[in-house]
Amino acid sequence: HLNKIERRHEHSERNPMPPPLQRLAVSSSFFLLRNTNTIRRCTVMSFSLTSKGNISWSETPTLVKHPGRALSMTTAEDSNTKFVTLSEPAPGSPFHYAFPVHDLEAAKEFYGGILGCAEGRSSAKWQDYSLYGHQIVAHWVGKDYKCQDYYNPVDGDEVPVPHAGIALTVEQFHELSHRLRLADIKFIIEPHLRFKGQPGEQWTMFFKDPSGNNLEFKAMTTMKNLFAKYNVVE
């Protein structure tokens, strides 16, 4: 999801480094992911020493295709592993949710592409993603996996269980539902308002990932009522 155009410069008297960078002390190499305009447009800059003792630096304008915020590219102090951080954790205590999938490439296209989740760590068997700052992990369990569905009535809808998701703002909910429609995602339960006029009034929608896992995204019309305690009459 990264499109890069690289420009290289060498620090010298004729071609000095930009003023903001002259304050950086560079011993061998340094990596910085700098926000230049929006959360989807940033610049990767790298620095190194030439054989003549000059500082060589390169600038890479980069488009990041996800709703998370590009933060930094660096090298771990206790290893030689270079990494880039593309999303901040959600405030407070981010939840962690691991789920099975039958195809990691299909999961990457769905979670990283359609849902726009920033990818974190990964291996040949699993992938981390940031779902609005919360950590979800797709684990490959075999090509024959398919989620087994059960159903339970909620406000007139047959809701598939198990399911997982997140409570969004109303604006985020409608932005996501629009994105899903553009991607031709089939809804199990179409986006709509349920529990109208009640403390638990909320927008909701249900759909599946490529492995058949059920997802619900909702948006309380009054967020502070998320845990309102009362008996719901079906």
# chains A, B, ... in the order shown; residues from 1 in each chain; ligands from 1
$ select_by_dssp --residues "range 98-204 of chain A" --states "strand (DSSP E or B)" --output "VMD selection string"
chain A and resid 98 to 101 118 to 122 126 to 131 134 to 140 150 to 154 157 to 161 163 to 167 187 to 194 202 to 204
$ residues_around --residues "Gly165 in chain A" --least-positions-apart "3" --cutoff "10 Å" --atoms "only C-alpha atoms" --output "PyMOL selection string"
chain A and resi 97+131+168+205-206+214-218
$ residues_around --residues "Phe227 in chain A" --least-positions-apart "4" --cutoff "10 Å" --atoms "only C-alpha atoms" --output "list in words"
Pro199, Gly200 and Met223 of chain A
$ closest_residue --among "A:Ile189, A:Ala183, A:Ala98, A:Glu109" --to "Val154 in chain A" --atoms "only C-alpha atoms"
A:Ile189
$ residues_around --residues "Lys108 in chain A" --least-positions-apart "6" --cutoff "12 Å" --atoms "only C-alpha atoms" --output "list in words"
His1, Val101, His102, Ile114, Leu115, Gly116, Cys117, Ala118, Glu119, Gly120, Ser122, Trp126, Gln127, Asp128, Tyr129, Val137, Ala138, His139, Trp140, Asp209, Pro210 and Ser211 of chain A
